[in-house]
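Asker: model_28.pdb (PDB, C-alpha atoms, pLDDT in the B column) pasted underneath:
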ATOM      1  CA  MET Z   1      -9.140  44.036  -0.997  1.00 56.00           C
ATOM      2  CA  GLN Z   2      -9.816  45.329  -4.518  1.00 60.00           C
ATOM      3  CA  GLU Z   3     -11.010  42.871  -7.125  1.00 68.00           C
ATOM      4  CA  LYS Z   4      -7.909  43.488  -9.261  1.00 67.00           C
ATOM      5  CA  ASP Z   5      -5.569  42.661  -6.386  1.00 72.00           C
ATOM      6  CA  LEU Z   6      -7.544  39.532  -5.524  1.00 76.00           C
ATOM      7  CA  LEU Z   7      -7.440  38.309  -9.121  1.00 78.00           C
ATOM      8  CA  GLU Z   8      -3.688  38.909  -9.245  1.00 81.00           C
ATOM      9  CA  LEU Z   9      -3.290  36.957  -6.013  1.00 77.00           C
ATOM     10  CA  ILE Z  10      -5.322  34.042  -7.380  1.00 78.00           C
ATOM     11  CA  ASP Z  11      -3.343  34.063 -10.649  1.00 77.00           C
ATOM     12  CA  GLN Z  12      -0.059  33.849  -8.750  1.00 80.00           C
ATOM     13  CA  TYR Z  13      -1.486  30.994  -6.663  1.00 76.00           C
ATOM     14  CA  LEU Z  14      -2.568  29.032  -9.744  1.00 76.00           C
ATOM     15  CA  LEU Z  15       0.825  29.524 -11.423  1.00 77.00           C
ATOM     16  CA  GLY Z  16       2.676  28.399  -8.292  1.00 77.00           C
ATOM     17  CA  ARG Z  17       4.521  31.706  -7.978  1.00 80.00           C
ATOM     18  CA  ILE Z  18       2.737  33.118  -4.939  1.00 80.00           C
ATOM     19  CA  ARG Z  19       4.896  34.372  -2.070  1.00 83.00           C
ATOM     20  CA  PRO Z  20       4.490  32.779   1.379  1.00 86.00           C
ATOM     21  CA  ASP Z  21       3.016  35.968   2.887  1.00 84.00           C
ATOM     22  CA  ASP Z  22       0.539  36.311   0.034  1.00 80.00           C
ATOM     23  CA  LEU Z  23      -0.353  32.628   0.343  1.00 80.00           C
ATOM     24  CA  ASP Z  24      -1.121  33.121   4.029  1.00 84.00           C
ATOM     25  CA  ARG Z  25      -3.274  36.122   3.186  1.00 82.00           C
ATOM     26  CA  LEU Z  26      -5.159  34.225   0.488  1.00 76.00           C
ATOM     27  CA  GLU Z  27      -5.730  31.223   2.770  1.00 84.00           C
ATOM     28  CA  TYR Z  28      -7.083  33.564   5.467  1.00 82.00           C
ATOM     29  CA  LEU Z  29      -9.451  35.196   2.987  1.00 80.00           C
ATOM     30  CA  ARG Z  30     -10.649  31.790   1.822  1.00 80.00           C
ATOM     31  CA  LYS Z  31     -11.390  30.698   5.377  1.00 86.00           C
ATOM     32  CA  THR Z  32     -13.147  33.918   6.376  1.00 86.00           C
ATOM     33  CA  ASN Z  33     -14.968  34.831   3.165  1.00 83.00           C
ATOM     34  CA  PRO Z  34     -17.133  32.165   1.477  1.00 86.00           C
ATOM     35  CA  ASP Z  35     -17.381  34.272  -1.692  1.00 83.00           C
ATOM     36  CA  ILE Z  36     -13.609  34.364  -2.064  1.00 81.00           C
ATOM     37  CA  GLU Z  37     -13.384  30.619  -1.343  1.00 82.00           C
ATOM     38  CA  LEU Z  38     -15.941  30.024  -4.102  1.00 85.00           C
ATOM     39  CA  GLN Z  39     -14.053  32.317  -6.466  1.00 81.00           C
ATOM     40  CA  VAL Z  40     -10.757  30.499  -5.794  1.00 80.00           C
ATOM     41  CA  ARG Z  41     -12.352  27.076  -6.340  1.00 84.00           C
ATOM     42  CA  GLN Z  42     -13.946  28.259  -9.584  1.00 83.00           C
ATOM     43  CA  SER Z  43     -10.596  29.669 -10.715  1.00 81.00           C
ATOM     44  CA  ILE Z  44      -8.891  26.342  -9.984  1.00 82.00           C
ATOM     45  CA  GLU Z  45     -11.542  24.473 -11.954  1.00 82.00           C
ATOM     46  CA  ALA Z  46     -11.263  26.926 -14.854  1.00 80.00           C
ATOM     47  CA  PHE Z  47      -7.472  26.626 -14.787  1.00 76.00           C
ATOM     48  CA  ASN Z  48      -7.713  22.835 -14.976  1.00 78.00           C
ATOM     49  CA  VAL Z  49     -10.148  23.089 -17.871  1.00 79.00           C
ATOM     50  CA  ILE Z  50      -7.756  25.402 -19.728  1.00 80.00           C
ATOM     51  CA  LYS Z  51      -4.882  22.983 -19.214  1.00 76.00           C
ATOM     52  CA  TYR Z  52      -7.048  20.145 -20.507  1.00 75.00           C
ATOM     53  CA  LEU Z  53      -8.127  22.158 -23.563  1.00 78.00           C
ATOM     54  CA  ARG Z  54      -4.521  23.026 -24.334  1.00 78.00           C
ATOM     55  CA  TYR Z  55      -3.660  19.355 -24.101  1.00 74.00           C
ATOM     56  CA  LYS Z  56      -6.477  18.537 -26.530  1.00 76.00           C
ATOM     57  CA  GLN Z  57      -5.253  21.282 -28.886  1.00 78.00           C
ATOM     58  CA  LEU Z  58      -1.793  19.763 -28.856  1.00 76.00           C
ATOM     59  CA  ARG Z  59      -3.172  16.314 -29.690  1.00 77.00           C
ATOM     60  CA  GLU Z  60      -5.263  17.809 -32.489  1.00 77.00           C
ATOM     61  CA  LYS Z  61      -2.203  19.532 -33.870  1.00 77.00           C
ATOM     62  CA  LEU Z  62      -0.345  16.250 -33.870  1.00 74.00           C
ATOM     63  CA  ARG Z  63      -3.244  14.599 -35.677  1.00 75.00           C
ATOM     64  CA  GLN Z  64      -3.217  17.309 -38.352  1.00 72.00           C
ATOM     65  CA  ILE Z  65       0.491  16.885 -38.836  1.00 68.00           C
ATOM     66  CA  ASP Z  66       0.004  13.137 -39.200  1.00 64.00           C
ATOM     67  CA  SER Z  67      -2.722  13.453 -41.842  1.00 65.00           C
ATOM     68  CA  ALA Z  68      -1.223  16.360 -43.804  1.00 62.00           C
ATOM     69  CA  ASP Z  69       0.729  14.246 -46.223  1.00 58.00           C
ATOM     70  CA  GLU Z  70      -0.023  10.545 -46.711  1.00 57.00           C
ATOM     71  CA  LYS Z  71       3.234  10.108 -48.601  1.00 56.00           C
ATOM     72  CA  SER Z  72       5.157  11.019 -45.488  1.00 62.00           C
ATOM     73  CA  LYS Z  73       2.931   9.041 -43.132  1.00 61.00           C
ATOM     74  CA  THR Z  74       5.743   6.993 -41.667  1.00 65.00           C
ATOM     75  CA  GLY Z  75       7.815  10.077 -40.981  1.00 63.00           C
ATOM     76  CA  PHE Z  76       4.909  11.913 -39.420  1.00 62.00           C
ATOM     77  CA  LEU Z  77       4.020   8.922 -37.233  1.00 66.00           C
ATOM     78  CA  ARG Z  78       7.588   8.821 -36.000  1.00 73.00           C
ATOM     79  CA  GLN Z  79       7.474  12.538 -35.286  1.00 73.00           C
ATOM     80  CA  GLN Z  80       4.126  12.170 -33.509  1.00 74.00           C
ATOM     81  CA  TRP Z  81       5.373   9.437 -31.240  1.00 80.00           C
ATOM     82  CA  ILE Z  82       8.503  11.397 -30.465  1.00 84.00           C
ATOM     83  CA  VAL Z  83       6.440  14.414 -29.429  1.00 81.00           C
ATOM     84  CA  ILE Z  84       4.025  12.289 -27.400  1.00 84.00           C
ATOM     85  CA  SER Z  85       6.906  10.497 -25.726  1.00 83.00           C
ATOM     86  CA  ILE Z  86       8.500  13.811 -24.827  1.00 87.00           C
ATOM     87  CA  LEU Z  87       5.173  15.050 -23.455  1.00 84.00           C
ATOM     88  CA  ILE Z  88       4.680  11.884 -21.407  1.00 87.00           C
ATOM     89  CA  ILE Z  89       8.209  11.982 -20.031  1.00 87.00           C
ATOM     90  CA  THR Z  90       7.975  15.705 -19.308  1.00 84.00           C
ATOM     91  CA  SER Z  91       4.583  15.316 -17.634  1.00 83.00           C
ATOM     92  CA  PHE Z  92       5.811  12.390 -15.563  1.00 80.00           C
ATOM     93  CA  LEU Z  93       8.943  14.245 -14.465  1.00 82.00           C
ATOM     94  CA  GLY Z  94       6.894  17.340 -13.689  1.00 81.00           C
ATOM     95  CA  PHE Z  95       4.429  15.342 -11.627  1.00 78.00           C
ATOM     96  CA  TRP Z  96       7.236  13.504  -9.849  1.00 75.00           C
ATOM     97  CA  LEU Z  97       9.005  16.751  -8.961  1.00 80.00           C
ATOM     98  CA  TRP Z  98       5.755  18.315  -7.749  1.00 79.00           C
ATOM     99  CA  ALA Z  99       4.822  15.264  -5.669  1.00 76.00           C
ATOM    100  CA  SER Z 100       8.320  14.984  -4.217  1.00 76.00           C
ATOM    101  CA  HIS Z 101       8.139  18.609  -3.114  1.00 79.00           C
ATOM    102  CA  HIS Z 102       4.524  18.320  -1.949  1.00 81.00           C
ATOM    103  CA  PHE Z 103       5.262  15.304   0.250  1.00 82.00           C
ATOM    104  CA  ASP Z 104       8.631  16.547   1.480  1.00 88.00           C
ATOM    105  CA  PRO Z 105       8.499  16.760   5.315  1.00 90.00           C
ATOM    106  CA  ALA Z 106       9.599  20.405   5.326  1.00 90.00           C
ATOM    107  CA  SER Z 107       6.854  21.363   2.862  1.00 90.00           C
ATOM    108  CA  ILE Z 108       4.245  19.440   4.836  1.00 90.00           C
ATOM    109  CA  ALA Z 109       5.392  21.117   8.063  1.00 91.00           C
ATOM    110  CA  MET Z 110       5.094  24.552   6.452  1.00 92.00           C
ATOM    111  CA  ARG Z 111       1.543  23.808   5.298  1.00 90.00           C
ATOM    112  CA  HIS Z 112       0.476  22.680   8.785  1.00 90.00           C
ATOM    113  CA  PHE Z 113       2.079  25.604  10.629  1.00 90.00           C
ATOM    114  CA  LEU Z 114      -0.572  27.479  12.638  1.00 82.00           C
ATOM    115  CA  ARG Z 115      -0.169  31.068  13.711  1.00 73.00           C
ATOM    116  CA  ILE Z 116      -1.082  31.928  17.273  1.00 69.00           C
ATOM    117  CA  SER Z 117      -4.025  34.275  17.593  1.00 55.00           C
ATOM    118  CA  GLU Z 118      -3.566  37.834  18.801  1.00 49.00           C
ATOM    119  CA  THR Z 119      -5.865  37.008  21.711  1.00 50.00           C
ATOM    120  CA  GLY Z 120      -3.588  34.200  22.821  1.00 54.00           C
ATOM    121  CA  ILE Z 121      -0.542  36.439  22.697  1.00 55.00           C
ATOM    122  CA  ALA Z 122      -2.335  39.150  24.650  1.00 53.00           C
ATOM    123  CA  LEU Z 123      -3.300  36.661  27.365  1.00 53.00           C
ATOM    124  CA  TYR Z 124       0.264  35.467  27.602  1.00 57.00           C
ATOM    125  CA  GLU Z 125       1.537  39.031  27.934  1.00 53.00           C
ATOM    126  CA  THR Z 126      -0.705  39.588  30.945  1.00 41.00           C
ATOM    127  CA  LYS Z 127       1.506  37.144  32.822  1.00 49.00           C
ATOM    128  CA  ASN Z 128       4.410  39.595  32.459  1.00 41.00           C
ATOM    129  CA  GLU Z 129       6.185  37.121  30.213  1.00 47.00           C
ATOM    130  CA  SER Z 130       8.271  38.279  27.263  1.00 54.00           C
ATOM    131  CA  VAL Z 131       7.029  37.195  23.845  1.00 59.00           C
ATOM    132  CA  ASN Z 132       9.923  38.610  21.851  1.00 66.00           C
ATOM    133  CA  ASP Z 133      11.341  35.149  21.241  1.00 74.00           C
ATOM    134  CA  TRP Z 134       8.005  34.009  19.832  1.00 82.00           C
ATOM    135  CA  THR Z 135       8.486  36.277  16.846  1.00 83.00           C
ATOM    136  CA  LEU Z 136      12.030  34.958  16.402  1.00 86.00           C
ATOM    137  CA  ALA Z 137      10.746  31.380  16.599  1.00 87.00           C
ATOM    138  CA  THR Z 138       8.066  32.050  13.991  1.00 88.00           C
ATOM    139  CA  MET Z 139      10.557  33.744  11.678  1.00 90.00           C
ATOM    140  CA  ALA Z 140      12.992  30.844  12.034  1.00 92.00           C
ATOM    141  CA  PHE Z 141      10.218  28.362  11.189  1.00 92.00           C
ATOM    142  CA  ARG Z 142       9.095  30.391   8.189  1.00 91.00           C
ATOM    143  CA  ASN Z 143      12.706  30.479   6.964  1.00 92.00           C
ATOM    144  CA  LYS Z 144      12.971  26.693   7.482  1.00 91.00           C
ATOM    145  CA  ASN Z 145      15.564  27.087  10.211  1.00 94.00           C
ATOM    146  CA  PHE Z 146      13.828  24.325  12.127  1.00 94.00           C
ATOM    147  CA  GLN Z 147      16.520  23.621  14.717  1.00 94.00           C
ATOM    148  CA  GLU Z 148      16.631  27.302  15.634  1.00 93.00           C
ATOM    149  CA  ALA Z 149      12.813  27.378  15.779  1.00 92.00           C
ATOM    150  CA  ILE Z 150      12.801  24.477  18.251  1.00 93.00           C
ATOM    151  CA  ILE Z 151      15.222  26.293  20.521  1.00 91.00           C
ATOM    152  CA  HIS Z 152      13.071  29.449  20.512  1.00 88.00           C
ATOM    153  CA  PHE Z 153       9.750  27.622  20.974  1.00 88.00           C
ATOM    154  CA  GLN Z 154      10.926  25.365  23.789  1.00 88.00           C
ATOM    155  CA  PRO Z 155      10.814  28.011  26.598  1.00 85.00           C
ATOM    156  CA  TYR Z 156       7.072  28.387  25.991  1.00 83.00           C
ATOM    157  CA  LEU Z 157       6.319  24.793  26.968  1.00 83.00           C
ATOM    158  CA  ASP Z 158       4.688  24.340  30.343  1.00 71.00           C
ATOM    159  CA  ASP Z 159       2.438  21.870  32.125  1.00 56.00           C
ATOM    160  CA  THR Z 160      -0.780  23.789  31.501  1.00 63.00           C
ATOM    161  CA  GLN Z 161      -2.909  23.452  28.405  1.00 63.00           C
ATOM    162  CA  ASN Z 162      -3.129  27.018  27.143  1.00 78.00           C
ATOM    163  CA  GLU Z 163      -2.968  28.237  23.583  1.00 80.00           C
ATOM    164  CA  ILE Z 164       0.662  29.364  23.779  1.00 84.00           C
ATOM    165  CA  SER Z 165       1.832  26.033  25.230  1.00 87.00           C
ATOM    166  CA  ALA Z 166      -0.172  23.977  22.733  1.00 88.00           C
ATOM    167  CA  SER Z 167       1.077  26.059  19.823  1.00 89.00           C
ATOM    168  CA  ALA Z 168       4.681  25.704  20.991  1.00 90.00           C
ATOM    169  CA  LYS Z 169       4.324  21.923  21.272  1.00 92.00           C
ATOM    170  CA  TRP Z 170       2.714  21.691  17.869  1.00 93.00           C
ATOM    171  CA  ASN Z 171       5.363  23.833  16.206  1.00 93.00           C
ATOM    172  CA  ILE Z 172       8.182  21.821  17.780  1.00 94.00           C
ATOM    173  CA  LEU Z 173       6.579  18.591  16.585  1.00 94.00           C
ATOM    174  CA  LEU Z 174       6.325  20.055  13.087  1.00 94.00           C
ATOM    175  CA  ALA Z 175       9.963  21.195  13.170  1.00 94.00           C
ATOM    176  CA  ARG Z 176      11.114  17.757  14.295  1.00 94.00           C
ATOM    177  CA  PHE Z 177       9.088  16.163  11.518  1.00 93.00           C
ATOM    178  CA  ALA Z 178      10.653  18.536   8.958  1.00 92.00           C
ATOM    179  CA  LEU Z 179      14.132  17.532  10.132  1.00 92.00           C
ATOM    180  CA  SER Z 180      13.784  13.816  10.805  1.00 88.00           C
ATOM    181  CA  GLY Z 181      10.582  12.618   9.176  1.00 87.00           C
ATOM    182  CA  ALA Z 182       7.789  10.543  10.702  1.00 87.00           C
ATOM    183  CA  ASP Z 183       9.724   8.046  12.817  1.00 88.00           C
ATOM    184  CA  ILE Z 184       7.930   5.815  15.327  1.00 90.00           C
ATOM    185  CA  SER Z 185       8.878   7.954  18.334  1.00 91.00           C
ATOM    186  CA  TRP Z 186       7.537  11.093  16.646  1.00 92.00           C
ATOM    187  CA  GLN Z 187       4.255   9.404  15.720  1.00 91.00           C
ATOM    188  CA  GLU Z 188       3.787   8.189  19.292  1.00 92.00           C
ATOM    189  CA  GLU Z 189       4.314  11.721  20.628  1.00 93.00           C
ATOM    190  CA  MET Z 190       1.821  13.036  18.067  1.00 93.00           C
ATOM    191  CA  ILE Z 191      -0.807  10.565  19.295  1.00 92.00           C
ATOM    192  CA  VAL Z 192      -0.203  11.570  22.918  1.00 92.00           C
ATOM    193  CA  PHE Z 193      -0.388  15.248  21.973  1.00 91.00           C
ATOM    194  CA  GLN Z 194      -3.641  14.691  20.093  1.00 90.00           C
ATOM    195  CA  SER Z 195      -5.216  13.033  23.112  1.00 90.00           C
ATOM    196  CA  THR Z 196      -4.369  15.908  25.481  1.00 88.00           C
ATOM    197  CA  THR Z 197      -4.749  19.047  23.350  1.00 88.00           C
ATOM    198  CA  PHE Z 198      -7.715  20.915  21.890  1.00 88.00           C
ATOM    199  CA  GLU Z 199      -8.879  22.258  18.518  1.00 87.00           C
ATOM    200  CA  PRO Z 200      -7.573  23.091  16.002  1.00 88.00           C
ATOM    201  CA  TYR Z 201      -4.561  20.999  16.986  1.00 89.00           C
ATOM    202  CA  LYS Z 202      -6.571  17.765  17.383  1.00 91.00           C
ATOM    203  CA  SER Z 203      -7.766  17.959  13.792  1.00 91.00           C
ATOM    204  CA  GLU Z 204      -4.367  18.998  12.479  1.00 91.00           C
ATOM    205  CA  VAL Z 205      -2.717  15.998  14.152  1.00 92.00           C
ATOM    206  CA  LEU Z 206      -5.202  13.608  12.535  1.00 93.00           C
ATOM    207  CA  LYS Z 207      -4.690  15.173   9.104  1.00 92.00           C
ATOM    208  CA  LEU Z 208      -0.911  15.074   9.409  1.00 92.00           C
ATOM    209  CA  LEU Z 209      -0.856  11.450  10.589  1.00 91.00           C
ATOM    210  CA  HIS Z 210      -3.192  10.538   7.726  1.00 92.00           C
ATOM    211  CA  THR Z 211      -0.744  12.149   5.282  1.00 89.00           C
ATOM    212  CA  VAL Z 212       2.390  10.416   6.593  1.00 89.00           C
ATOM    213  CA  ASN Z 213       0.638   7.038   6.562  1.00 88.00           C
ATOM    214  CA  SER Z 214      -0.679   7.437   3.025  1.00 86.00           C
ATOM    215  CA  PRO Z 215       0.786   5.412   0.128  1.00 85.00           C
ATOM    216  CA  PHE Z 216       1.675   8.590  -1.778  1.00 80.00           C
ATOM    217  CA  TYR Z 217       3.782   9.890   1.095  1.00 82.00           C
ATOM    218  CA  LYS Z 218       5.658   6.593   1.343  1.00 79.00           C
ATOM    219  CA  ILE Z 219       6.295   6.574  -2.418  1.00 78.00           C
ATOM    220  CA  PHE Z 220       7.483  10.143  -2.848  1.00 72.00           C
ATOM    221  CA  ILE Z 221       9.111  10.936   0.492  1.00 69.00           C
ATOM    222  CA  PHE Z 222      12.804  11.805   0.514  1.00 49.00           C
ATOM    223  CA  ARG Z 223      13.982  10.368   3.809  1.00 44.00           C
ATOM    224  CA  LEU Z 224      16.315  12.609   5.812  1.00 39.00           C
ATOM    225  CA  SER Z 225      18.840  11.413   8.352  1.00 37.00           C
ATOM    226  CA  PRO Z 226      18.007  12.404  11.968  1.00 40.00           C
ATOM    227  CA  GLN Z 227      19.486  15.752  12.895  1.00 41.00           C
ATOM    228  CA  LEU Z 228      18.055  16.147  16.353  1.00 37.00           C
ATOM    229  CA  SER Z 229      19.475  13.095  18.109  1.00 37.00           C
ATOM    230  CA  ALA Z 230      21.098  15.322  20.726  1.00 38.00           C
ATOM    231  CA  LEU Z 231      18.247  17.833  20.872  1.00 39.00           C
ATOM    232  CA  LYS Z 232      14.828  16.284  21.493  1.00 40.00           C
ATOM    233  CA  PRO Z 233      12.742  18.453  23.784  1.00 42.00           C
ATOM    234  CA  ARG Z 234      10.395  16.791  26.300  1.00 41.00           C
ATOM    235  CA  LEU Z 235       6.983  17.696  24.956  1.00 40.00           C
ATOM    236  CA  MET Z 236       4.609  15.804  27.227  1.00 37.00           C
TER     237      MET Z 236
END
What do you get writing this file as structure tokens?
Answerer:
Amino acid sequence: MQEKDLLELIDQYLLGRIRPDDLDRLEYLRKTNPDIELQVRQSIEAFNVIKYLRYKQLREKLRQIDSADEKSKTGFLRQQWIVISILIITSFLGFWLWASHHFDPASIAMRHFLRISETGIALYETKNESVNDWTLATMAFRNKNFQEAIIHFQPYLDDTQNEISASAKWNILLARFALSGADISWQEEMIVFQSTTFEPYKSEVLKLLHTVNSPFYKIFIFRLSPQLSALKPRLM
């Protein structure tokens, strides 16, 4: 990838305007290229510094306004507090909206979605099994059509612990979480799945359970009513 394209990709990521496909590509580059991972981390740090400097500039501007005319000190103080109050309220609302989206079950499920490797698909094809529905299942998940994704992933479940089966189970668990949240039954199935599967699913289960049991998740989560009461596939 050319340096210009990489910088554009990082800029879109920092501004929160990156497309899902580009985000996947950037995450892959970060995992496979330490230099790119370092560059992304440095860009994030620089971006945070810029935001902090802009905040300091705003405060300095308010201070200048306040001290410009002593005769109008009361008026300027009122104006300063109005601006600060607006900034605080805007920042709080912005943080609340971001956190609500970040901890939304559907968003969490999308972040934990794992693509099956080409090797795994090739091994599955050697069994003369069709994998056409796998693409449909992945597309449905990516489009947040979680019920449809469950239906397409379910035929790939079997009693053996291969990569296709484990990926199907994991994706169904994620889809159920996106639809119904982290109820007790779902958490119990996650624990059972974690005890019988292999990496990277073991680690992903632990990270996801840590998230749903965190105070931030419980504060910001928008609870959804169960939508799969009549459609709960037997995973284990």
Asker: Give the answer as one residue: which of Z:Gln64, Z:Thr138, Z:Gln194, Z:Ser165 has the shortest atom-to-atom distance to His152 of chain Z, using all atoms listed in the file?
Answerer: Z:Thr138
Asker: Let me know the residues the PyMOL selection byres ((chain Z and resi 144) around 10) catches in the file above, as a list in words.
Answerer: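 Checking the PyMOL selection byres ((chain Z and resi 144) around 10) against this file, the residues are Ala106, Ser107, Ala109, Met110, Thr138, Met139, Ala140, Phe141, Arg142, Asn143, Asn145, Phe146, Gln147, Glu148, Ala149, Ala175, Ala178 and Leu179 of chain Z.
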Asker: Using atom CA of Lys169 of chain Z and atom CA of Ser203 of chain Z as the two end points, give the distance in Å to one decimal.
Answerer: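 Distance reported for this atom pair: 14.8 Å.
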Asker: Set the distance at 10 Å and use all atoms listed in the file: which residues neighbour His102 of chain Z once local chain neighbours fewer than 5 positions away are removed? I'd like the list as a list in words.
Answerer: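 Near neighbours after the sequence-gap exclusion: Trp96, Leu97, Ser107, Ile108, Arg111, Tyr217, Phe220 and Ile221 of chain Z.
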Asker: Using Å and a single decimal, report how far atom CA of Leu174 of chain Z sits from atom CA of Asp133 of chain Z.
Answerer: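 Atom-to-atom, atom CA of Asp133 of chain Z and atom CA of Leu174 of chain Z are spaced 17.9 Å apart.
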Asker: For a test of reading the model, state the distance in Å between atom CA of Ser85 of chain Z and atom CA of Asp104 of chain Z, rounded to one decimal.
Answerer: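 Spanning atom CA of Ser85 of chain Z to atom CA of Asp104 of chain Z is a straight-line distance of 27.9 Å.
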Asker: Build an axis-aligned box that encloses every atom of segment 138-156 of chain Z listed in the file, pad it by 4 Å on each side, and report its centre and edge lengths in Å to one decimal, as lines of an AutoDock Vina configuration file.
Answerer:
center_x = 11.9
center_y = 28.7
center_z = 16.8
size_x = 17.6
size_y = 18.1
size_z = 27.6
Asker: Which polymer residues have any atom within 12 Å of an atom of segment 37-45 of chain Z, counting only C-alpha atoms, with same-chain residues fewer than 6 positions away left out, as a PyMOL selection string?
Answerer: chain Z and resi 3+6-16+26-31+51-52
Asker: Could you write those residues out with C-alpha atoms, as a compact mmCIF listing (two decimals), in the coordinates of the input?
Answerer:
# COMPACT_ATOMS: atom_id res chain seq x y z
CA GLU Z 3 -11.01 42.87 -7.12
CA LEU Z 6 -7.54 39.53 -5.52
CA LEU Z 7 -7.44 38.31 -9.12
CA GLU Z 8 -3.69 38.91 -9.24
CA LEU Z 9 -3.29 36.96 -6.01
CA ILE Z 10 -5.32 34.04 -7.38
CA ASP Z 11 -3.34 34.06 -10.65
CA GLN Z 12 -0.06 33.85 -8.75
CA TYR Z 13 -1.49 30.99 -6.66
CA LEU Z 14 -2.57 29.03 -9.74
CA LEU Z 15 0.82 29.52 -11.42
CA GLY Z 16 2.68 28.40 -8.29
CA LEU Z 26 -5.16 34.22 0.49
CA GLU Z 27 -5.73 31.22 2.77
CA TYR Z 28 -7.08 33.56 5.47
CA LEU Z 29 -9.45 35.20 2.99
CA ARG Z 30 -10.65 31.79 1.82
CA LYS Z 31 -11.39 30.70 5.38
CA LYS Z 51 -4.88 22.98 -19.21
CA TYR Z 52 -7.05 20.14 -20.51
Asker: Convert the output of the PyMOL selection byres ((chain Z and resi 187-192) around 12) on the shown file into explicit residues, formatted as an mmCIF file with C-alpha atoms, in the frame of the given file.
Answerer:
data_model
loop_
_atom_site.group_PDB
_atom_site.id
_atom_site.type_symbol
_atom_site.label_atom_id
_atom_site.label_comp_id
_atom_site.auth_asym_id
_atom_site.auth_seq_id
_atom_site.Cartn_x
_atom_site.Cartn_y
_atom_site.Cartn_z
ATOM 1 C CA LYS Z 169 4.324 21.923 21.272
ATOM 2 C CA TRP Z 170 2.714 21.691 17.869
ATOM 3 C CA ASN Z 171 5.363 23.833 16.206
ATOM 4 C CA ILE Z 172 8.182 21.821 17.780
ATOM 5 C CA LEU Z 173 6.579 18.591 16.585
ATOM 6 C CA LEU Z 174 6.325 20.055 13.087
ATOM 7 C CA ARG Z 176 11.114 17.757 14.295
ATOM 8 C CA PHE Z 177 9.088 16.163 11.518
ATOM 9 C CA SER Z 180 13.784 13.816 10.805
ATOM 10 C CA GLY Z 181 10.582 12.618 9.176
ATOM 11 C CA ALA Z 182 7.789 10.543 10.702
ATOM 12 C CA ASP Z 183 9.724 8.046 12.817
ATOM 13 C CA ILE Z 184 7.930 5.815 15.327
ATOM 14 C CA SER Z 185 8.878 7.954 18.334
ATOM 15 C CA TRP Z 186 7.537 11.093 16.646
ATOM 16 C CA PHE Z 193 -0.388 15.248 21.973
ATOM 17 C CA GLN Z 194 -3.641 14.691 20.093
ATOM 18 C CA SER Z 195 -5.216 13.033 23.112
ATOM 19 C CA THR Z 196 -4.369 15.908 25.481
ATOM 20 C CA THR Z 197 -4.749 19.047 23.350
ATOM 21 C CA TYR Z 201 -4.561 20.999 16.986
ATOM 22 C CA LYS Z 202 -6.571 17.765 17.383
ATOM 23 C CA SER Z 203 -7.766 17.959 13.792
ATOM 24 C CA GLU Z 204 -4.367 18.998 12.479
ATOM 25 C CA VAL Z 205 -2.717 15.998 14.152
ATOM 26 C CA LEU Z 206 -5.202 13.608 12.535
ATOM 27 C CA LYS Z 207 -4.690 15.173 9.104
ATOM 28 C CA LEU Z 208 -0.911 15.074 9.409
ATOM 29 C CA LEU Z 209 -0.856 11.450 10.589
ATOM 30 C CA HIS Z 210 -3.192 10.538 7.726
ATOM 31 C CA THR Z 211 -0.744 12.149 5.282
ATOM 32 C CA VAL Z 212 2.390 10.416 6.593
ATOM 33 C CA ASN Z 213 0.638 7.038 6.562
ATOM 34 C CA LYS Z 232 14.828 16.284 21.493
ATOM 35 C CA PRO Z 233 12.742 18.453 23.784
ATOM 36 C CA ARG Z 234 10.395 16.791 26.300
ATOM 37 C CA LEU Z 235 6.983 17.696 24.956
ATOM 38 C CA MET Z 236 4.609 15.804 27.227
#
Asker: Measuring atom to atom with all atoms listed in the file, identify which of Z:Leu136, Z:Phe153, Z:Arg115, Z:Ile36 is nearest to Asp24 of chain Z.
Answerer: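 Between Z:Leu136, Z:Phe153, Z:Arg115, Z:Ile36, the residue approaching Asp24 of chain Z most closely is Z:Arg115.
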Asker: Could you tell me which of Z:Leu93, Z:Ile84, Z:Ala137, Z:Ala46 comes closest to Glu60 of chain Z if we count only C-alpha atoms?
Answerer: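 The answer is Z:Ile84, which sits nearest to Glu60 of chain Z.
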Asker: Looking at Z:Asp158, Z:Gln79, Z:Ile151, Z:Phe216, which one is nearest to Ser100 of chain Z, with distances taken over all atoms listed in the file?
Answerer: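 Looking only at the distances to Ser100 of chain Z, the closest residue turns out to be Z:Phe216.
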